[in-house]
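As provided, entry_1.pdb (PDB, N, CA and C atoms) reads as follows.
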ATOM      1  N   MET A   1       0.838  -1.175   0.000
ATOM      2  CA  MET A   1       0.000   0.000   0.000
ATOM      3  C   MET A   1       0.885   1.243   0.000
ATOM      4  N   ALA A   2       0.729   2.081  -0.973
ATOM      5  CA  ALA A   2       1.496   3.315  -1.063
ATOM      6  C   ALA A   2       0.766   4.425  -0.314
ATOM      7  N   LEU A   3       1.528   5.240   0.370
ATOM      8  CA  LEU A   3       0.955   6.384   1.069
ATOM      9  C   LEU A   3       1.220   7.633   0.242
ATOM     10  N   ASN A   4       0.196   8.393   0.009
ATOM     11  CA  ASN A   4       0.331   9.630  -0.745
ATOM     12  C   ASN A   4       0.106  10.797   0.200
ATOM     13  N   TYR A   5       1.181  11.494   0.516
ATOM     14  CA  TYR A   5       1.071  12.642   1.406
ATOM     15  C   TYR A   5       0.866  13.890   0.572
ATOM     16  N   THR A   6      -0.095  14.687   0.980
ATOM     17  CA  THR A   6      -0.459  15.849   0.195
ATOM     18  C   THR A   6      -0.069  17.162   0.868
ATOM     19  N   LEU A   7       0.204  17.127   2.162
ATOM     20  CA  LEU A   7       0.518  18.345   2.876
ATOM     21  C   LEU A   7       1.713  18.100   3.791
ATOM     22  N   TYR A   8       2.690  18.961   3.685
ATOM     23  CA  TYR A   8       3.870  18.893   4.533
ATOM     24  C   TYR A   8       3.998  20.244   5.223
ATOM     25  N   CYS A   9       4.177  20.238   6.535
ATOM     26  CA  CYS A   9       4.367  21.509   7.230
ATOM     27  C   CYS A   9       5.289  21.303   8.430
ATOM     28  N   TYR A  10       5.929  22.385   8.815
ATOM     29  CA  TYR A  10       6.827  22.360   9.959
ATOM     30  C   TYR A  10       6.063  22.833  11.182
ATOM     31  N   ASN A  11       6.169  22.096  12.290
ATOM     32  CA  ASN A  11       5.543  22.462  13.554
ATOM     33  C   ASN A  11       6.643  22.969  14.476
ATOM     34  N   ARG A  12       6.724  24.278  14.629
ATOM     35  CA  ARG A  12       7.791  24.899  15.415
ATOM     36  C   ARG A  12       7.747  24.479  16.889
ATOM     37  N   SER A  13       6.568  24.410  17.473
ATOM     38  CA  SER A  13       6.465  24.112  18.902
ATOM     39  C   SER A  13       6.963  22.704  19.231
ATOM     40  N   LYS A  14       6.863  21.785  18.285
ATOM     41  CA  LYS A  14       7.323  20.409  18.519
ATOM     42  C   LYS A  14       8.603  20.086  17.762
ATOM     43  N   ASN A  15       9.136  21.068  17.002
ATOM     44  CA  ASN A  15      10.314  20.869  16.159
ATOM     45  C   ASN A  15      10.164  19.569  15.363
ATOM     46  N   SER A  16       9.113  19.551  14.565
ATOM     47  CA  SER A  16       8.833  18.357  13.772
ATOM     48  C   SER A  16       8.214  18.753  12.429
ATOM     49  N   VAL A  17       8.316  17.826  11.499
ATOM     50  CA  VAL A  17       7.655  17.988  10.211
ATOM     51  C   VAL A  17       6.463  17.038  10.211
ATOM     52  N   VAL A  18       5.304  17.574   9.876
ATOM     53  CA  VAL A  18       4.070  16.793   9.867
ATOM     54  C   VAL A  18       3.630  16.619   8.417
ATOM     55  N   MET A  19       3.428  15.370   8.052
ATOM     56  CA  MET A  19       2.935  15.046   6.717
ATOM     57  C   MET A  19       1.507  14.539   6.876
ATOM     58  N   THR A  20       0.608  15.041   6.060
ATOM     59  CA  THR A  20      -0.792  14.635   6.126
ATOM     60  C   THR A  20      -1.187  14.002   4.799
ATOM     61  N   ASP A  21      -1.803  12.818   4.884
ATOM     62  CA  ASP A  21      -2.220  12.149   3.651
ATOM     63  C   ASP A  21      -3.630  12.587   3.253
ATOM     64  N   ILE A  22      -4.100  12.076   2.138
ATOM     65  CA  ILE A  22      -5.393  12.522   1.615
ATOM     66  C   ILE A  22      -6.570  12.131   2.508
ATOM     67  N   ASP A  23      -6.354  11.184   3.427
ATOM     68  CA  ASP A  23      -7.410  10.784   4.350
ATOM     69  C   ASP A  23      -7.315  11.522   5.685
ATOM     70  N   GLY A  24      -6.360  12.457   5.800
ATOM     71  CA  GLY A  24      -6.222  13.239   7.029
ATOM     72  C   GLY A  24      -5.333  12.605   8.088
ATOM     73  N   ARG A  25      -4.705  11.486   7.775
ATOM     74  CA  ARG A  25      -3.804  10.840   8.738
ATOM     75  C   ARG A  25      -2.451  11.548   8.703
ATOM     76  N   ASN A  26      -1.832  11.667   9.868
ATOM     77  CA  ASN A  26      -0.550  12.354   9.987
ATOM     78  C   ASN A  26       0.592  11.389  10.257
ATOM     79  N   LEU A  27       1.732  11.714   9.691
ATOM     80  CA  LEU A  27       2.993  11.061  10.015
ATOM     81  C   LEU A  27       3.905  12.187  10.475
ATOM     82  N   VAL A  28       4.501  12.027  11.656
ATOM     83  CA  VAL A  28       5.310  13.081  12.243
ATOM     84  C   VAL A  28       6.773  12.648  12.269
ATOM     85  N   ILE A  29       7.645  13.508  11.746
ATOM     86  CA  ILE A  29       9.090  13.299  11.803
ATOM     87  C   ILE A  29       9.627  14.247  12.860
ATOM     88  N   ASP A  30      10.126  13.710  13.958
ATOM     89  CA  ASP A  30      10.726  14.502  15.030
ATOM     90  C   ASP A  30      12.117  14.937  14.575
ATOM     91  N   CYS A  31      12.320  16.229  14.362
ATOM     92  CA  CYS A  31      13.593  16.730  13.836
ATOM     93  C   CYS A  31      14.755  16.458  14.788
ATOM     94  N   ASP A  32      14.525  16.590  16.096
ATOM     95  CA  ASP A  32      15.600  16.317  17.056
ATOM     96  C   ASP A  32      16.079  14.873  16.936
ATOM     97  N   MET A  33      15.149  13.966  16.800
ATOM     98  CA  MET A  33      15.505  12.555  16.651
ATOM     99  C   MET A  33      16.191  12.287  15.321
ATOM    100  N   ALA A  34      15.643  12.857  14.258
ATOM    101  CA  ALA A  34      16.200  12.641  12.923
ATOM    102  C   ALA A  34      17.612  13.188  12.814
ATOM    103  N   GLU A  35      17.905  14.246  13.555
ATOM    104  CA  GLU A  35      19.215  14.898  13.483
ATOM    105  C   GLU A  35      20.183  14.437  14.566
ATOM    106  N   SER A  36      19.769  13.495  15.391
ATOM    107  CA  SER A  36      20.595  13.099  16.536
ATOM    108  C   SER A  36      21.944  12.497  16.141
ATOM    109  N   GLN A  37      22.048  11.920  14.973
ATOM    110  CA  GLN A  37      23.306  11.302  14.538
ATOM    111  C   GLN A  37      24.104  12.182  13.576
ATOM    112  N   VAL A  38      23.584  13.364  13.264
ATOM    113  CA  VAL A  38      24.267  14.251  12.318
ATOM    114  C   VAL A  38      25.427  14.948  13.037
ATOM    115  N   ILE A  39      26.579  14.962  12.394
ATOM    116  CA  ILE A  39      27.756  15.635  12.929
ATOM    117  C   ILE A  39      27.957  16.920  12.137
ATOM    118  N   PHE A  40      27.998  18.038  12.856
ATOM    119  CA  PHE A  40      28.161  19.342  12.234
ATOM    120  C   PHE A  40      29.611  19.796  12.362
ATOM    121  N   ASP A  41      30.130  20.435  11.293
ATOM    122  CA  ASP A  41      31.483  20.985  11.337
ATOM    123  C   ASP A  41      31.561  22.129  12.339
ATOM    124  N   GLU A  42      30.558  22.948  12.360
ATOM    125  CA  GLU A  42      30.462  24.096  13.263
ATOM    126  C   GLU A  42      29.108  24.044  13.958
ATOM    127  N   PRO A  43      29.024  24.454  15.229
ATOM    128  CA  PRO A  43      27.736  24.411  15.942
ATOM    129  C   PRO A  43      26.619  25.174  15.232
ATOM    130  N   GLU A  44      26.954  26.287  14.598
ATOM    131  CA  GLU A  44      25.907  27.068  13.929
ATOM    132  C   GLU A  44      25.371  26.384  12.670
ATOM    133  N   ASP A  45      26.023  25.313  12.241
ATOM    134  CA  ASP A  45      25.553  24.563  11.075
ATOM    135  C   ASP A  45      24.213  23.879  11.318
ATOM    136  N   GLU A  46      23.806  23.761  12.576
ATOM    137  CA  GLU A  46      22.501  23.168  12.872
ATOM    138  C   GLU A  46      21.378  23.952  12.200
ATOM    139  N   GLY A  47      21.632  25.229  11.945
ATOM    140  CA  GLY A  47      20.647  26.073  11.283
ATOM    141  C   GLY A  47      20.355  25.636   9.860
ATOM    142  N   ILE A  48      21.287  24.921   9.243
ATOM    143  CA  ILE A  48      21.086  24.427   7.878
ATOM    144  C   ILE A  48      19.854  23.531   7.829
ATOM    145  N   LEU A  49      19.766  22.601   8.762
ATOM    146  CA  LEU A  49      18.639  21.668   8.769
ATOM    147  C   LEU A  49      17.363  22.325   9.282
ATOM    148  N   ALA A  50      17.496  23.245  10.222
ATOM    149  CA  ALA A  50      16.315  23.956  10.719
ATOM    150  C   ALA A  50      15.674  24.758   9.595
ATOM    151  N   ARG A  51      16.490  25.408   8.789
ATOM    152  CA  ARG A  51      15.984  26.189   7.659
ATOM    153  C   ARG A  51      15.326  25.271   6.621
ATOM    154  N   LEU A  52      15.950  24.122   6.365
ATOM    155  CA  LEU A  52      15.377  23.168   5.410
ATOM    156  C   LEU A  52      14.004  22.691   5.890
ATOM    157  N   ALA A  53      13.888  22.364   7.168
ATOM    158  CA  ALA A  53      12.612  21.879   7.717
ATOM    159  C   ALA A  53      11.526  22.946   7.616
ATOM    160  N   ARG A  54      11.888  24.200   7.889
ATOM    161  CA  ARG A  54      10.907  25.288   7.841
ATOM    162  C   ARG A  54      10.504  25.654   6.419
ATOM    163  N   LYS A  55      11.482  25.794   5.547
ATOM    164  CA  LYS A  55      11.218  26.318   4.197
ATOM    165  C   LYS A  55      10.832  25.240   3.187
ATOM    166  N   ALA A  56      11.334  24.019   3.384
ATOM    167  CA  ALA A  56      11.065  22.936   2.421
ATOM    168  C   ALA A  56      10.844  21.621   3.172
ATOM    169  N   PRO A  57       9.741  21.537   3.917
ATOM    170  CA  PRO A  57       9.516  20.339   4.733
ATOM    171  C   PRO A  57       9.478  19.038   3.940
ATOM    172  N   ALA A  58       8.980  19.059   2.718
ATOM    173  CA  ALA A  58       8.949  17.831   1.914
ATOM    174  C   ALA A  58      10.370  17.380   1.582
ATOM    175  N   SER A  59      11.256  18.314   1.294
ATOM    176  CA  SER A  59      12.655  17.968   1.026
ATOM    177  C   SER A  59      13.324  17.436   2.282
ATOM    178  N   TYR A  60      13.017  18.053   3.438
ATOM    179  CA  TYR A  60      13.575  17.585   4.706
ATOM    180  C   TYR A  60      13.213  16.115   4.914
ATOM    181  N   VAL A  61      11.953  15.794   4.718
ATOM    182  CA  VAL A  61      11.489  14.411   4.889
ATOM    183  C   VAL A  61      12.195  13.492   3.904
ATOM    184  N   SER A  62      12.321  13.938   2.669
ATOM    185  CA  SER A  62      12.989  13.136   1.648
ATOM    186  C   SER A  62      14.405  12.773   2.074
ATOM    187  N   PHE A  63      15.143  13.741   2.592
ATOM    188  CA  PHE A  63      16.505  13.462   3.061
ATOM    189  C   PHE A  63      16.496  12.634   4.340
ATOM    190  N   ALA A  64      15.605  12.949   5.266
ATOM    191  CA  ALA A  64      15.564  12.255   6.560
ATOM    192  C   ALA A  64      15.237  10.772   6.412
ATOM    193  N   MET A  65      14.503  10.409   5.375
ATOM    194  CA  MET A  65      14.082   9.030   5.204
ATOM    195  C   MET A  65      15.134   8.151   4.514
ATOM    196  N   ARG A  66      16.206   8.742   4.037
ATOM    197  CA  ARG A  66      17.268   7.961   3.386
ATOM    198  C   ARG A  66      18.411   7.698   4.351
ATOM    199  N   PRO A  67      19.057   6.577   4.220
ATOM    200  CA  PRO A  67      20.254   6.332   5.041
ATOM    201  C   PRO A  67      21.315   7.393   4.724
ATOM    202  N   GLY A  68      21.800   8.056   5.754
ATOM    203  CA  GLY A  68      22.831   9.071   5.578
ATOM    204  C   GLY A  68      22.331  10.363   4.979
ATOM    205  N   GLY A  69      21.040  10.480   4.775
ATOM    206  CA  GLY A  69      20.477  11.606   4.042
ATOM    207  C   GLY A  69      20.729  12.974   4.638
ATOM    208  N   LEU A  70      20.406  13.171   5.911
ATOM    209  CA  LEU A  70      20.610  14.485   6.516
ATOM    210  C   LEU A  70      22.092  14.797   6.655
ATOM    211  N   GLN A  71      22.893  13.805   6.992
ATOM    212  CA  GLN A  71      24.338  14.026   7.079
ATOM    213  C   GLN A  71      24.896  14.379   5.708
ATOM    214  N   ASP A  72      24.470  13.659   4.693
ATOM    215  CA  ASP A  72      24.926  13.960   3.334
ATOM    216  C   ASP A  72      24.527  15.377   2.925
ATOM    217  N   TYR A  73      23.319  15.798   3.272
ATOM    218  CA  TYR A  73      22.853  17.140   2.945
ATOM    219  C   TYR A  73      23.754  18.186   3.598
ATOM    220  N   VAL A  74      24.049  18.004   4.880
ATOM    221  CA  VAL A  74      24.912  18.951   5.605
ATOM    222  C   VAL A  74      26.315  18.957   5.010
ATOM    223  N   ASP A  75      26.841  17.789   4.693
ATOM    224  CA  ASP A  75      28.193  17.706   4.130
ATOM    225  C   ASP A  75      28.276  18.426   2.782
ATOM    226  N   VAL A  76      27.291  18.224   1.922
ATOM    227  CA  VAL A  76      27.289  18.895   0.626
ATOM    228  C   VAL A  76      27.126  20.395   0.810
ATOM    229  N   TRP A  77      26.226  20.793   1.695
ATOM    230  CA  TRP A  77      26.013  22.221   1.964
ATOM    231  C   TRP A  77      27.331  22.881   2.386
ATOM    232  N   ASN A  78      28.059  22.249   3.301
ATOM    233  CA  ASN A  78      29.327  22.803   3.773
ATOM    234  C   ASN A  78      30.366  22.850   2.663
ATOM    235  N   GLU A  79      30.366  21.851   1.820
ATOM    236  CA  GLU A  79      31.323  21.812   0.721
ATOM    237  C   GLU A  79      31.055  22.931  -0.280
ATOM    238  N   LEU A  80      29.787  23.197  -0.548
ATOM    239  CA  LEU A  80      29.430  24.250  -1.512
ATOM    240  C   LEU A  80      29.644  25.641  -0.951
ATOM    241  N   ASN A  81      29.584  25.784   0.349
ATOM    242  CA  ASN A  81      29.748  27.108   0.952
ATOM    243  C   ASN A  81      31.103  27.200   1.516
TER     244      ASN A  81
END
Translate this structure into structure tokens?
Amino acid sequence: MALNYTLYCYNRSKNSVVMTDIDGRNLVIDCDMAESQVIFDEPEDEGILARLARKAPASYVSFAMRPGGLQDYVDVWNELN
């Protein structure tokens, strides 16, 4: 059974991304948990993922659901900047 999520939004009070499917069911990605294994070069680099979750929650989920995804995103971001 494939799940089709139609709405992605960031919940600031819970620091999570909430995905809602067409039937109104929610799947919640806890950002603190998803980022717990990410190693940042600089402490302020944590803002990279916070900005991604706020501005592009669907992309955040896409990276968070892959092995190494959030770490890879941070590593590429640092390399480009």
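Interatomic distance, atom C of Asp72 of chain A to atom C of Tyr10 of chain A: 21.6 Å.
Distances here use only C-alpha atoms; by that measure, the residue among A:Leu7, A:Val18, A:Leu52, A:Leu70 closest to Asp30 of chain A is A:Val18.
The space between atom CA of Pro57 of chain A and atom C of Cys9 of chain A spans 5.7 Å.
For the pair atom C of Asp21 of chain A and atom N of Asn4 of chain A, the separation is 6.5 Å.
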request  = Identify the residues around (20.7, 24.6, 6.7) within a radius of 10 Å, measuring from only C-alpha atoms in the coordinates stated by the file, and give them as JSON, numbers by chain.
outcome  = {"A": [44, 45, 46, 47, 48, 49, 50, 51, 52, 53, 54, 55, 73, 74, 77, 78]}
query = Using all atoms listed in the file, which of the listed residues (A:Thr6, A:Leu27, A:Met19, A:Ile39) sits closest to Gln71 of chain A?
reply = A:Ile39
query = Written as a ChimeraX atom specification, what is the full residue list that the PyMOL selection byres (((chain A and resi 32 and name CA) around 12) and name CA) yields on the file shown?
reply = /A:12,14-17,28-31,33-38,46,49-50,53,64,70
request  = Within chain A, find each residue whose DSSP state, derived from the backbone, is strand (DSSP E), and express the selection as a ChimeraX atom specification.
outcome  = /A:5-11,16-21,26-30
request  = Name the residues of chain A that come out as helix (DSSP H, G or I) in a backbone DSSP run; write them as number ranges by chain.
outcome  = A: 12-14, 31-34, 43-55, 57-64, 69-80
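The nearest approach to Asn26 of chain A among the residues A:Pro43, A:Tyr8, A:Glu79, A:Ser13, with only C-alpha atoms taken into account, belongs to A:Tyr8.
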